[in-house]
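Undergrad: Here it is, the structure, as structure tokens.
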Amino acid sequence: MAKSGRGPVPGPASGGPKGTKGKSGKGGRASVAAARRSSGDRTQLIIGGVAIVVIIAVIAIGLVLHSRNTAQQGAGYGTSTKSVATMDANGVITVTPVGNGSPGVVLDVYEDALCPLCADFEHQFGQQIAKAVDDGQLGLHYRMVDFLDGSSHSGTYSTRAYGALMAVAKGDGSKPGVFMAFHTAIYDAKNQPKENGSTDLSNAELAKLAGQVGASAATQKQISDGADVEAAKKDAQTNLTSLTDVAAKVGRQAGTPTVAKDGVPLNTNDVNWLTNLLPKSGSSSPAPTSSGS
Amino acid sequence: MHIAIGTVRGVRTSLTVGRHRLWDLVGLAARLLLGVVFLVSGIIKASDPAQTRVAVKGYQLLPDGLAETVAAILPYLEIAVGLILLVGLATRLGALLSALLMLAFLIGVISAAARGLSIDCGCFGGGGAVQTGATEYTLEILRDTGLLIVSIYLLVRPSSWLSVDRLARGRVEDDASDDGDDGDEAAAHDDVRGRPADMDTPARRA
């Protein structure tokens, strides 16, 4: 905005011709030159004005689109309360609605614990996802990767955070909502370390975080001991291979977050990507509480 | 009518007019280059707001709140600048904004390189942290410097073919006299040869 405030810059644009004409106008054609000059100046002003209006209009429309595209979905729902988690032998963590092992829509979610885009994704869609799971409509396979380890302060944060998620899924996955709450906590702006930051979370701090969302003492000890870190390191590689294959199907490089359905990435830049997948009746109920009963 | 005038004058001062036309063609090329670059990069950034936010924050130059604002506005500012340059509407204003943007990008990239950050410039999408050694600062700086030079050229000599500017001015001056876009070319004389336009303008008018 400050820049378009410089708008009168068409001034300089008219300055050149005006200056030279002014000099030549010393002759007998002063009045003609003056008439032309004022006419030309007016044209310059109109052109400059139109340009500024165009710039402001484009930015204004853009900001409306921007706020629409980045609006938090399902705001107010909070964290999941009716989801359970299990982990398979390859470290894939599966989240399903309580009492419904085969929801209508199942998605693969590839994330790195350090990735800021994943945190944005969680912030924008986390509550909508939690509600869809709690409503019995959605299941998730979390496939964590750790390729941002090198950008973390400790050099191992992504792997250790994956290990912590494993521990919670194994130890407390059957407690409704605990795994998803921990997953959300990992990406909370208060907790997620910065890339190339001066600090990150130790295993003990990850354990404490898990405890805050309901993980048992045994699970916390498992995390602070780093007991699942080796497994996480191995499984993260498998997940990365899977992610690379999936991303290649749409000509992309492996990146996080990637959400895939039937092995094909979805366009999560479309703010309605999840709404479009879910049954219409479920998505049209606006009040989060209405689904609870 | 317009063509006929051009032809007559072309006969009279074929050398100078030919040279002006050449520079006007250069101006058109500069406008199209910058316009397309801004339009494409703006649309890519606008279509992935989360990535754009990460890219802006990756420079670690602005406080978070301001970075969010910049990330929200920048894509559409680029689209707007691209549009006005493409059609040649207030070309000098577009060139000024383009030069300021390039300057800002250069400061960002050079400072990122100087601070040893490992980021992608996010110039055409992407952005944020990349692995050490995967940075492309030299290429990015060269490209932005090239585009800055093109912007400065247009800032100094904004007149070009097929522009709204030319269309509007031509109409005004057709009304005022027989002399097409004379003022434009007089200005070009100043820029190109560094000598006052009046030296030959009166002669041509006589």
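Just so we're on the same page: first chain in the structure tokens is A, next is B, and so on; residues restart at 1 for each chain, and ligands are numbered from 1 in the order they show up.
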Please provide the set of residues having any atom within 7 Å of Phe125 of chain A, restricted to only C-alpha atoms, with same-chain residues fewer than 3 positions apart removed, written as a compact mmCIF listing (two decimals) with N, CA and C atoms, in the first residue's frame.
TA:
# COMPACT_ATOMS: atom_id res chain seq x y z
N GLN A 72 -9.26 -20.79 8.61
CA GLN A 72 -9.23 -22.01 9.40
C GLN A 72 -10.54 -22.77 9.20
N GLN A 73 -10.43 -24.06 8.89
CA GLN A 73 -11.62 -24.88 8.64
C GLN A 73 -12.02 -25.61 9.93
N PHE A 121 -0.69 -26.50 7.82
CA PHE A 121 -1.75 -27.42 7.40
C PHE A 121 -2.56 -27.86 8.61
N GLU A 122 -1.87 -28.25 9.68
CA GLU A 122 -2.54 -28.67 10.91
C GLU A 122 -3.40 -27.53 11.47
N GLN A 128 -10.98 -29.57 11.34
CA GLN A 128 -11.92 -30.17 10.39
C GLN A 128 -11.65 -31.67 10.25
N ILE A 129 -10.36 -32.02 10.22
CA ILE A 129 -9.99 -33.43 10.13
C ILE A 129 -10.43 -34.18 11.38
Undergrad: Please identify all polymer residues within 8 Å of Leu77 of chain B, counting only C-alpha atoms, omitting same-chain residues fewer than 5 positions from it, and present them as a ChimeraX atom specification.
TA: /A:55,58-59 /B:42
Undergrad: For N, CA and C atoms, I'd like the residues from the last selection saved as a compact mmCIF listing (two decimals), in the first residue's frame.
TA:
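Once everything was written out, this is result22.txt:
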# COMPACT_ATOMS: atom_id res chain seq x y z
N ILE A 55 -3.90 -1.40 -9.72
CA ILE A 55 -3.03 -2.04 -8.72
C ILE A 55 -3.79 -2.26 -7.42
N VAL A 58 -6.47 -5.02 -7.83
CA VAL A 58 -5.91 -6.38 -7.87
C VAL A 58 -5.51 -6.82 -6.46
N ILE A 59 -4.88 -5.92 -5.71
CA ILE A 59 -4.45 -6.29 -4.35
C ILE A 59 -5.66 -6.52 -3.45
N GLY B 42 3.77 -14.21 -9.69
CA GLY B 42 2.68 -13.79 -8.81
C GLY B 42 1.59 -14.84 -8.73
Undergrad: Identify, on the basis of only C-alpha atoms, every residue whose closest approach to Thr159 of chain A does not exceed 7 Å; exclude the query and any residue fewer than 5 positions from it along the same chain; express the result as a PyMOL selection string.
TA: chain A and resi 146+149+229+232-233
Undergrad: Take the residues that were just selected and, keeping C-alpha atoms, output them as a tab-separated table (two decimals), in the first residue's frame.
TA:
chain	number	residue	atom	x	y	z
A	146	ASP	CA	12.50	-37.06	8.76
A	149	ASP	CA	16.52	-33.54	10.54
A	229	VAL	CA	14.09	-43.55	17.63
A	232	ALA	CA	11.60	-44.27	13.48
A	233	LYS	CA	14.80	-43.69	11.55
Undergrad: Residues at most 10 Å from Ser202 of chain A, counting only C-alpha atoms, excluding those fewer than 3 positions away in the same chain, as an mmCIF file with all heavy atoms, in the first residue's frame?
TA:
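Below you can see around_20.cif, which holds the result:
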data_model
loop_
_atom_site.group_PDB
_atom_site.id
_atom_site.type_symbol
_atom_site.label_atom_id
_atom_site.label_comp_id
_atom_site.auth_asym_id
_atom_site.auth_seq_id
_atom_site.Cartn_x
_atom_site.Cartn_y
_atom_site.Cartn_z
ATOM 1 N N SER A 154 19.174 -29.991 16.879
ATOM 2 C CA SER A 154 19.858 -31.193 17.354
ATOM 3 C C SER A 154 20.322 -32.078 16.207
ATOM 4 O O SER A 154 21.149 -32.970 16.403
ATOM 5 C CB SER A 154 18.913 -32.001 18.256
ATOM 6 O OG SER A 154 17.796 -32.435 17.504
ATOM 7 N N THR A 156 18.450 -34.199 14.853
ATOM 8 C CA THR A 156 17.681 -35.449 14.915
ATOM 9 C C THR A 156 16.220 -35.214 15.297
ATOM 10 O O THR A 156 15.492 -36.173 15.577
ATOM 11 C CB THR A 156 18.287 -36.410 15.972
ATOM 12 O OG1 THR A 156 18.328 -35.720 17.234
ATOM 13 C CG2 THR A 156 19.691 -36.841 15.594
ATOM 14 N N TYR A 157 15.788 -33.957 15.297
ATOM 15 C CA TYR A 157 14.461 -33.677 15.865
ATOM 16 C C TYR A 157 13.342 -34.428 15.142
ATOM 17 O O TYR A 157 12.467 -35.031 15.789
ATOM 18 C CB TYR A 157 14.154 -32.171 15.877
ATOM 19 C CG TYR A 157 12.754 -31.916 16.366
ATOM 20 C CD1 TYR A 157 12.441 -32.042 17.723
ATOM 21 C CD2 TYR A 157 11.716 -31.635 15.480
ATOM 22 C CE1 TYR A 157 11.149 -31.870 18.182
ATOM 23 C CE2 TYR A 157 10.419 -31.465 15.927
ATOM 24 C CZ TYR A 157 10.145 -31.584 17.279
ATOM 25 O OH TYR A 157 8.867 -31.426 17.726
ATOM 26 N N ARG A 160 13.269 -38.035 16.132
ATOM 27 C CA ARG A 160 12.879 -38.251 17.546
ATOM 28 C C ARG A 160 11.397 -37.955 17.762
ATOM 29 O O ARG A 160 10.709 -38.644 18.533
ATOM 30 C CB ARG A 160 13.751 -37.396 18.460
ATOM 31 C CG ARG A 160 15.221 -37.899 18.482
ATOM 32 C CD ARG A 160 16.072 -37.150 19.495
ATOM 33 N NE ARG A 160 16.263 -35.754 19.143
ATOM 34 C CZ ARG A 160 15.658 -34.735 19.743
ATOM 35 N NH1 ARG A 160 14.836 -34.957 20.752
ATOM 36 N NH2 ARG A 160 15.882 -33.508 19.362
ATOM 37 N N ALA A 161 10.883 -36.921 17.066
ATOM 38 C CA ALA A 161 9.455 -36.616 17.201
ATOM 39 C C ALA A 161 8.607 -37.759 16.620
ATOM 40 O O ALA A 161 7.559 -38.109 17.180
ATOM 41 C CB ALA A 161 9.137 -35.300 16.494
ATOM 42 N N THR A 199 17.303 -23.880 18.957
ATOM 43 C CA THR A 199 16.947 -24.899 19.936
ATOM 44 C C THR A 199 15.890 -25.828 19.338
ATOM 45 O O THR A 199 15.290 -25.499 18.316
ATOM 46 C CB THR A 199 16.388 -24.240 21.225
ATOM 47 O OG1 THR A 199 16.063 -25.278 22.153
ATOM 48 C CG2 THR A 199 15.133 -23.439 20.927
ATOM 49 N N GLU A 205 11.530 -33.372 26.787
ATOM 50 C CA GLU A 205 10.491 -32.362 26.543
ATOM 51 C C GLU A 205 9.347 -32.938 25.709
ATOM 52 O O GLU A 205 8.169 -32.607 25.920
ATOM 53 C CB GLU A 205 11.106 -31.146 25.838
ATOM 54 C CG GLU A 205 11.964 -30.305 26.796
ATOM 55 C CD GLU A 205 12.837 -29.286 26.078
ATOM 56 O OE1 GLU A 205 13.414 -29.630 25.022
ATOM 57 O OE2 GLU A 205 12.949 -28.151 26.577
ATOM 58 N N LEU A 206 9.682 -33.805 24.745
ATOM 59 C CA LEU A 206 8.641 -34.480 23.966
ATOM 60 C C LEU A 206 7.783 -35.355 24.889
ATOM 61 O O LEU A 206 6.557 -35.410 24.755
ATOM 62 C CB LEU A 206 9.272 -35.341 22.865
ATOM 63 C CG LEU A 206 9.799 -34.592 21.632
ATOM 64 C CD1 LEU A 206 10.682 -35.497 20.779
ATOM 65 C CD2 LEU A 206 8.642 -34.055 20.799
ATOM 66 N N ALA A 207 8.433 -36.031 25.825
ATOM 67 C CA ALA A 207 7.711 -36.883 26.773
ATOM 68 C C ALA A 207 6.755 -36.061 27.626
ATOM 69 O O ALA A 207 5.603 -36.451 27.865
ATOM 70 C CB ALA A 207 8.708 -37.627 27.663
ATOM 71 N N LYS A 208 7.229 -34.902 28.056
ATOM 72 C CA LYS A 208 6.402 -34.028 28.896
ATOM 73 C C LYS A 208 5.173 -33.563 28.104
ATOM 74 O O LYS A 208 4.048 -33.544 28.608
ATOM 75 C CB LYS A 208 7.247 -32.827 29.341
ATOM 76 C CG LYS A 208 6.578 -31.950 30.358
ATOM 77 C CD LYS A 208 7.590 -30.991 31.004
ATOM 78 C CE LYS A 208 6.890 -29.860 31.684
ATOM 79 N NZ LYS A 208 7.223 -28.552 31.096
ATOM 80 N N ILE A 223 9.385 -42.450 25.605
ATOM 81 C CA ILE A 223 9.806 -41.318 24.764
ATOM 82 C C ILE A 223 11.113 -40.728 25.286
ATOM 83 O O ILE A 223 12.053 -40.494 24.518
ATOM 84 C CB ILE A 223 8.702 -40.231 24.723
ATOM 85 C CG1 ILE A 223 7.443 -40.788 24.047
ATOM 86 C CG2 ILE A 223 9.201 -38.994 23.982
ATOM 87 C CD1 ILE A 223 6.238 -39.862 24.130
ATOM 88 N N SER A 224 11.173 -40.508 26.592
ATOM 89 C CA SER A 224 12.378 -39.845 27.107
ATOM 90 C C SER A 224 13.601 -40.748 26.980
ATOM 91 O O SER A 224 14.727 -40.264 26.872
ATOM 92 C CB SER A 224 12.175 -39.379 28.557
ATOM 93 O OG SER A 224 11.777 -40.457 29.357
ATOM 94 N N GLY A 226 14.047 -42.439 24.368
ATOM 95 C CA GLY A 226 14.317 -42.506 22.926
ATOM 96 C C GLY A 226 14.215 -43.921 22.398
ATOM 97 O O GLY A 226 14.890 -44.284 21.420
#
Undergrad: For chain A, which residue out of B:Cys123, B:Leu106, B:Ile141, B:Leu96 is the nearest one, using only C-alpha atoms?
TA: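 With only C-alpha atoms as the atom set, the closest residue is B:Leu96.
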Undergrad: Run DSSP on the backbone and tell me which residues of segment 44-153 of chain B come out as helix (DSSP H, G or I); list them as a short mmCIF file (atom, residue, chain, number, x, y, z; two decimals) with N, CA, C and O atoms, in the first residue's frame.
TA:
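states_20.cif was written with the following content:
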data_model
loop_
_atom_site.label_atom_id
_atom_site.label_comp_id
_atom_site.auth_asym_id
_atom_site.auth_seq_id
_atom_site.Cartn_x
_atom_site.Cartn_y
_atom_site.Cartn_z
N ILE B 44 1.85 -18.07 -9.32
CA ILE B 44 2.34 -19.24 -8.60
C ILE B 44 2.29 -18.98 -7.09
O ILE B 44 1.84 -19.82 -6.31
N LYS B 45 2.74 -17.80 -6.68
CA LYS B 45 2.75 -17.50 -5.25
C LYS B 45 1.33 -17.41 -4.70
O LYS B 45 1.05 -17.89 -3.60
N ALA B 46 0.44 -16.79 -5.49
CA ALA B 46 -0.93 -16.61 -5.01
C ALA B 46 -1.65 -17.95 -4.86
O ALA B 46 -2.50 -18.11 -3.99
N SER B 47 -1.27 -18.93 -5.69
CA SER B 47 -1.99 -20.20 -5.66
C SER B 47 -1.51 -21.10 -4.52
O SER B 47 -2.10 -22.13 -4.27
N PRO B 49 -0.60 -20.02 -0.91
CA PRO B 49 -0.32 -19.01 0.13
C PRO B 49 0.52 -19.54 1.29
O PRO B 49 1.37 -18.80 1.81
N ALA B 50 0.31 -20.81 1.65
CA ALA B 50 1.08 -21.34 2.78
C ALA B 50 2.56 -21.40 2.43
O ALA B 50 3.43 -21.02 3.23
N GLN B 51 2.84 -21.86 1.22
CA GLN B 51 4.23 -21.93 0.77
C GLN B 51 4.85 -20.53 0.69
O GLN B 51 6.01 -20.33 1.06
N THR B 52 4.07 -19.57 0.22
CA THR B 52 4.57 -18.20 0.11
C THR B 52 4.91 -17.65 1.49
O THR B 52 5.93 -16.98 1.68
N ARG B 53 4.07 -17.97 2.47
CA ARG B 53 4.34 -17.51 3.84
C ARG B 53 5.66 -18.11 4.34
O ARG B 53 6.48 -17.40 4.92
N VAL B 54 5.83 -19.39 4.07
CA VAL B 54 7.08 -20.04 4.49
C VAL B 54 8.28 -19.39 3.79
O VAL B 54 9.32 -19.16 4.39
N ALA B 55 8.10 -19.10 2.49
CA ALA B 55 9.20 -18.51 1.73
C ALA B 55 9.59 -17.15 2.31
O ALA B 55 10.78 -16.86 2.49
N VAL B 56 8.60 -16.32 2.62
CA VAL B 56 8.91 -14.98 3.16
C VAL B 56 9.55 -15.11 4.54
O VAL B 56 10.54 -14.44 4.84
N LYS B 57 8.98 -16.01 5.35
CA LYS B 57 9.56 -16.18 6.69
C LYS B 57 10.96 -16.76 6.64
O LYS B 57 11.77 -16.52 7.53
N GLY B 58 11.23 -17.54 5.59
CA GLY B 58 12.53 -18.19 5.46
C GLY B 58 13.68 -17.20 5.45
O GLY B 58 14.79 -17.52 5.89
N ASP B 64 7.28 -11.89 12.43
CA ASP B 64 6.27 -12.81 11.89
C ASP B 64 5.02 -12.12 11.35
O ASP B 64 4.55 -12.46 10.27
N GLY B 65 4.50 -11.16 12.12
CA GLY B 65 3.27 -10.50 11.70
C GLY B 65 3.44 -9.79 10.37
O GLY B 65 2.61 -9.92 9.46
N LEU B 66 4.53 -9.05 10.24
CA LEU B 66 4.79 -8.31 9.01
C LEU B 66 5.05 -9.28 7.86
O LEU B 66 4.62 -9.05 6.72
N ALA B 67 5.74 -10.38 8.15
CA ALA B 67 6.01 -11.38 7.11
C ALA B 67 4.70 -11.94 6.56
O ALA B 67 4.56 -12.15 5.36
N GLU B 68 3.72 -12.15 7.44
CA GLU B 68 2.42 -12.65 6.99
C GLU B 68 1.76 -11.64 6.04
O GLU B 68 1.20 -12.02 5.01
N THR B 69 1.84 -10.37 6.41
CA THR B 69 1.24 -9.33 5.57
C THR B 69 1.92 -9.27 4.21
O THR B 69 1.25 -9.20 3.17
N VAL B 70 3.24 -9.29 4.24
CA VAL B 70 3.99 -9.26 2.97
C VAL B 70 3.62 -10.47 2.12
O VAL B 70 3.39 -10.36 0.92
N ALA B 71 3.54 -11.64 2.76
CA ALA B 71 3.21 -12.87 2.03
C ALA B 71 1.82 -12.79 1.43
O ALA B 71 1.55 -13.37 0.37
N ALA B 72 0.92 -12.07 2.09
CA ALA B 72 -0.45 -11.95 1.57
C ALA B 72 -0.51 -10.99 0.39
O ALA B 72 -1.21 -11.25 -0.60
N ILE B 73 0.23 -9.87 0.49
CA ILE B 73 0.11 -8.82 -0.52
C ILE B 73 1.02 -9.06 -1.72
O ILE B 73 0.63 -8.84 -2.87
N LEU B 74 2.23 -9.55 -1.46
CA LEU B 74 3.25 -9.64 -2.51
C LEU B 74 2.77 -10.33 -3.79
O LEU B 74 2.99 -9.80 -4.89
N PRO B 75 2.10 -11.50 -3.70
CA PRO B 75 1.70 -12.16 -4.94
C PRO B 75 0.82 -11.27 -5.81
O PRO B 75 0.98 -11.23 -7.03
N TYR B 76 -0.08 -10.55 -5.17
CA TYR B 76 -1.03 -9.75 -5.95
C TYR B 76 -0.40 -8.45 -6.42
O TYR B 76 -0.76 -7.94 -7.49
N LEU B 77 0.56 -7.93 -5.67
CA LEU B 77 1.32 -6.78 -6.15
C LEU B 77 2.09 -7.18 -7.41
O LEU B 77 2.13 -6.45 -8.40
N GLU B 78 2.67 -8.37 -7.38
CA GLU B 78 3.40 -8.86 -8.56
C GLU B 78 2.46 -9.01 -9.75
O GLU B 78 2.80 -8.64 -10.88
N ILE B 79 1.28 -9.58 -9.50
CA ILE B 79 0.31 -9.75 -10.59
C ILE B 79 -0.08 -8.39 -11.16
O ILE B 79 -0.12 -8.19 -12.38
N ALA B 80 -0.32 -7.42 -10.27
CA ALA B 80 -0.73 -6.08 -10.72
C ALA B 80 0.37 -5.43 -11.54
O ALA B 80 0.12 -4.87 -12.61
N VAL B 81 1.61 -5.49 -11.06
CA VAL B 81 2.73 -4.90 -11.79
C VAL B 81 2.90 -5.60 -13.13
O VAL B 81 3.11 -4.97 -14.17
N GLY B 82 2.76 -6.92 -13.12
CA GLY B 82 2.86 -7.68 -14.36
C GLY B 82 1.81 -7.24 -15.37
O GLY B 82 2.10 -7.03 -16.54
N LEU B 83 0.58 -7.03 -14.88
CA LEU B 83 -0.51 -6.62 -15.78
C LEU B 83 -0.26 -5.25 -16.39
O LEU B 83 -0.38 -5.08 -17.61
N ILE B 84 0.11 -4.27 -15.56
CA ILE B 84 0.25 -2.92 -16.13
C ILE B 84 1.47 -2.86 -17.06
O ILE B 84 1.45 -2.11 -18.04
N LEU B 85 2.48 -3.66 -16.79
CA LEU B 85 3.63 -3.68 -17.71
C LEU B 85 3.26 -4.37 -19.02
O LEU B 85 3.66 -3.94 -20.09
N LEU B 86 2.50 -5.44 -18.93
CA LEU B 86 2.13 -6.17 -20.15
C LEU B 86 1.35 -5.28 -21.11
O LEU B 86 1.60 -5.29 -22.31
N VAL B 87 0.41 -4.49 -20.57
CA VAL B 87 -0.40 -3.66 -21.47
C VAL B 87 0.24 -2.28 -21.67
O VAL B 87 -0.22 -1.50 -22.48
N THR B 91 3.67 2.93 -17.90
CA THR B 91 4.85 2.06 -17.95
C THR B 91 5.92 2.47 -16.94
O THR B 91 6.56 1.64 -16.31
N ARG B 92 6.08 3.80 -16.80
CA ARG B 92 7.16 4.25 -15.91
C ARG B 92 6.84 3.89 -14.46
O ARG B 92 7.73 3.51 -13.69
N LEU B 93 5.56 4.00 -14.07
CA LEU B 93 5.17 3.59 -12.72
C LEU B 93 5.41 2.08 -12.54
O LEU B 93 5.97 1.64 -11.54
N GLY B 94 5.01 1.31 -13.55
CA GLY B 94 5.23 -0.14 -13.49
C GLY B 94 6.70 -0.46 -13.38
O GLY B 94 7.11 -1.33 -12.59
N ALA B 95 7.52 0.26 -14.17
CA ALA B 95 8.96 0.01 -14.14
C ALA B 95 9.55 0.38 -12.78
O ALA B 95 10.43 -0.31 -12.27
N LEU B 96 9.03 1.47 -12.19
CA LEU B 96 9.53 1.87 -10.88
C LEU B 96 9.21 0.79 -9.84
O LEU B 96 10.06 0.37 -9.06
N LEU B 97 7.94 0.33 -9.83
CA LEU B 97 7.56 -0.72 -8.88
C LEU B 97 8.37 -1.99 -9.13
O LEU B 97 8.83 -2.64 -8.18
N SER B 98 8.56 -2.30 -10.40
CA SER B 98 9.34 -3.49 -10.75
C SER B 98 10.77 -3.37 -10.22
O SER B 98 11.31 -4.31 -9.64
N ALA B 99 11.36 -2.19 -10.42
CA ALA B 99 12.74 -2.00 -9.95
C ALA B 99 12.80 -2.09 -8.42
O ALA B 99 13.72 -2.70 -7.86
N LEU B 100 11.80 -1.51 -7.74
CA LEU B 100 11.79 -1.56 -6.27
C LEU B 100 11.65 -3.00 -5.79
O LEU B 100 12.31 -3.42 -4.83
N LEU B 101 10.77 -3.76 -6.46
CA LEU B 101 10.59 -5.16 -6.06
C LEU B 101 11.89 -5.94 -6.27
O LEU B 101 12.31 -6.70 -5.40
N MET B 102 12.52 -5.74 -7.43
CA MET B 102 13.76 -6.46 -7.71
C MET B 102 14.84 -6.10 -6.69
O MET B 102 15.60 -6.95 -6.24
N LEU B 103 14.87 -4.81 -6.35
CA LEU B 103 15.84 -4.36 -5.34
C LEU B 103 15.58 -5.07 -4.01
O LEU B 103 16.51 -5.56 -3.35
N ALA B 104 14.30 -5.14 -3.63
CA ALA B 104 13.95 -5.80 -2.37
C ALA B 104 14.33 -7.28 -2.42
O ALA B 104 14.90 -7.83 -1.46
N PHE B 105 14.06 -7.94 -3.57
CA PHE B 105 14.39 -9.36 -3.70
C PHE B 105 15.91 -9.55 -3.60
O PHE B 105 16.39 -10.48 -2.95
N LEU B 106 16.64 -8.64 -4.26
CA LEU B 106 18.10 -8.76 -4.24
C LEU B 106 18.64 -8.61 -2.83
O LEU B 106 19.51 -9.36 -2.39
N ILE B 107 18.10 -7.61 -2.11
CA ILE B 107 18.54 -7.42 -0.72
C ILE B 107 18.27 -8.70 0.08
O ILE B 107 19.12 -9.17 0.83
N GLY B 108 17.07 -9.26 -0.13
CA GLY B 108 16.72 -10.49 0.59
C GLY B 108 17.68 -11.63 0.29
O GLY B 108 18.22 -12.26 1.19
N VAL B 109 17.90 -11.88 -1.00
CA VAL B 109 18.72 -13.03 -1.39
C VAL B 109 20.18 -12.82 -0.96
O VAL B 109 20.82 -13.72 -0.41
N ILE B 110 20.70 -11.60 -1.21
CA ILE B 110 22.10 -11.35 -0.86
C ILE B 110 22.29 -11.46 0.65
O ILE B 110 23.26 -12.05 1.13
N SER B 111 21.33 -10.93 1.41
CA SER B 111 21.48 -11.01 2.87
C SER B 111 21.35 -12.45 3.35
O SER B 111 22.03 -12.87 4.30
N ALA B 112 20.49 -13.23 2.69
CA ALA B 112 20.37 -14.64 3.06
C ALA B 112 21.69 -15.37 2.81
O ALA B 112 22.16 -16.16 3.64
N ALA B 113 22.29 -15.06 1.65
CA ALA B 113 23.58 -15.68 1.33
C ALA B 113 24.64 -15.23 2.34
O ALA B 113 25.42 -16.05 2.85
N ALA B 114 24.64 -13.95 2.66
CA ALA B 114 25.65 -13.41 3.58
C ALA B 114 25.50 -13.98 4.98
O ALA B 114 26.48 -14.19 5.69
N TYR B 137 22.10 -19.26 -4.78
CA TYR B 137 22.13 -17.80 -4.64
C TYR B 137 22.72 -17.09 -5.84
O TYR B 137 22.22 -16.06 -6.28
N THR B 138 23.81 -17.65 -6.39
CA THR B 138 24.47 -16.96 -7.50
C THR B 138 23.52 -16.79 -8.68
O THR B 138 23.36 -15.69 -9.22
N LEU B 139 22.85 -17.89 -9.02
CA LEU B 139 21.90 -17.85 -10.13
C LEU B 139 20.78 -16.85 -9.84
O LEU B 139 20.41 -16.04 -10.70
N GLU B 140 20.27 -16.90 -8.60
CA GLU B 140 19.16 -16.03 -8.24
C GLU B 140 19.57 -14.56 -8.29
O GLU B 140 18.82 -13.69 -8.76
N ILE B 141 20.79 -14.28 -7.83
CA ILE B 141 21.26 -12.89 -7.81
C ILE B 141 21.47 -12.39 -9.25
O ILE B 141 21.08 -11.27 -9.60
N LEU B 142 22.04 -13.25 -10.08
CA LEU B 142 22.27 -12.86 -11.48
C LEU B 142 20.94 -12.57 -12.18
O LEU B 142 20.79 -11.57 -12.88
N ARG B 143 19.98 -13.45 -11.97
CA ARG B 143 18.69 -13.27 -12.62
C ARG B 143 18.01 -11.98 -12.16
O ARG B 143 17.53 -11.19 -12.97
N ASP B 144 17.99 -11.78 -10.85
CA ASP B 144 17.33 -10.58 -10.34
C ASP B 144 18.05 -9.31 -10.77
O ASP B 144 17.42 -8.28 -11.02
N THR B 145 19.38 -9.38 -10.84
CA THR B 145 20.13 -8.22 -11.31
C THR B 145 19.79 -7.90 -12.76
O THR B 145 19.55 -6.74 -13.12
N GLY B 146 19.69 -8.94 -13.58
CA GLY B 146 19.31 -8.75 -14.97
C GLY B 146 17.94 -8.09 -15.08
O GLY B 146 17.75 -7.13 -15.84
N LEU B 147 16.99 -8.58 -14.29
CA LEU B 147 15.64 -8.03 -14.34
C LEU B 147 15.61 -6.61 -13.79
O LEU B 147 14.82 -5.78 -14.24
N LEU B 148 16.48 -6.33 -12.82
CA LEU B 148 16.57 -4.96 -12.28
C LEU B 148 17.07 -4.01 -13.38
O LEU B 148 16.53 -2.91 -13.55
N ILE B 149 18.06 -4.46 -14.14
CA ILE B 149 18.59 -3.62 -15.22
C ILE B 149 17.51 -3.36 -16.27
O ILE B 149 17.33 -2.22 -16.73
N VAL B 150 16.75 -4.38 -16.61
CA VAL B 150 15.67 -4.20 -17.57
C VAL B 150 14.64 -3.21 -17.02
O VAL B 150 14.14 -2.34 -17.75
N SER B 151 14.35 -3.31 -15.71
CA SER B 151 13.39 -2.39 -15.09
C SER B 151 13.90 -0.96 -15.16
O SER B 151 13.15 -0.03 -15.44
N ILE B 152 15.19 -0.78 -14.88
CA ILE B 152 15.77 0.56 -14.89
C ILE B 152 15.76 1.13 -16.31
O ILE B 152 15.48 2.30 -16.52
N TYR B 153 16.01 0.27 -17.29
CA TYR B 153 15.92 0.73 -18.68
C TYR B 153 14.54 1.31 -18.95
O TYR B 153 14.39 2.41 -19.48
#
Undergrad: Would you pick out the contacts of segment 238-244 of chain A at 12 Å or less, using only C-alpha atoms, so that residues sharing its chain but fewer than 3 positions from it are not included, and give the list as a ChimeraX atom specification?
TA: /A:89-93,108-112,141-148,162,231-235,247-260,263-265
Undergrad: Please provide as a PyMOL selection string all residues within 9 Å of segment 175-179 of chain A, with the sequence filter that same-chain residues fewer than 3 positions apart are discarded (counting only C-alpha atoms).
TA: chain A and resi 79-85+95+97-98+130+134+165+168-169+172+182-184+210+213-215
Undergrad: Of the candidates A:Ser151, A:Gln44, A:Thr86, A:Gln220, which shows the shortest atom-to-atom distance to Ser174 of chain A, using only C-alpha atoms?
TA: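 Checking each candidate against Ser174 of chain A, we get A:Thr86 as the closest.
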Undergrad: Choose the residue, out of B:His20, B:Leu89, B:Arg157, B:Leu167, that has the smallest atom-to-atom separation from chain A; count only C-alpha atoms.
TA: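 Checking each of B:His20, B:Leu89, B:Arg157, B:Leu167 against chain A, counting only C-alpha atoms, the winner is B:Leu89.
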Undergrad: Name the residues in contact with Val130 of chain B at a cut-off of 7 Å, using only C-alpha atoms, excluding same-chain residues fewer than 2 positions from it; report them as a list in words.
TA: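 My list of contacting residues is Ser118, Ile119, Asp120, Gly128, Thr132, Ala134 and Thr135 of chain B.
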Undergrad: Using only C-alpha atoms, can you tell me which of A:Val271, A:Ala185, A:Val105, A:Val133 comes closest to chain B?
TA: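 Ranking A:Val271, A:Ala185, A:Val105, A:Val133 by distance to chain B, first place goes to A:Val271.
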Undergrad: Have a look at atom CA of Ala168 of chain B and atom CA of Thr43 of chain A and let me know their distance in Å, one decimal.
TA: 7.0 Å
Undergrad: I'd like to know which of B:Leu34, B:Gln60, B:Leu39, B:Leu28 is closest to Gly116 of chain B, using only C-alpha atoms.
TA: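 Once distances to Gly116 of chain B are computed over only C-alpha atoms, the minimum belongs to B:Gln60.
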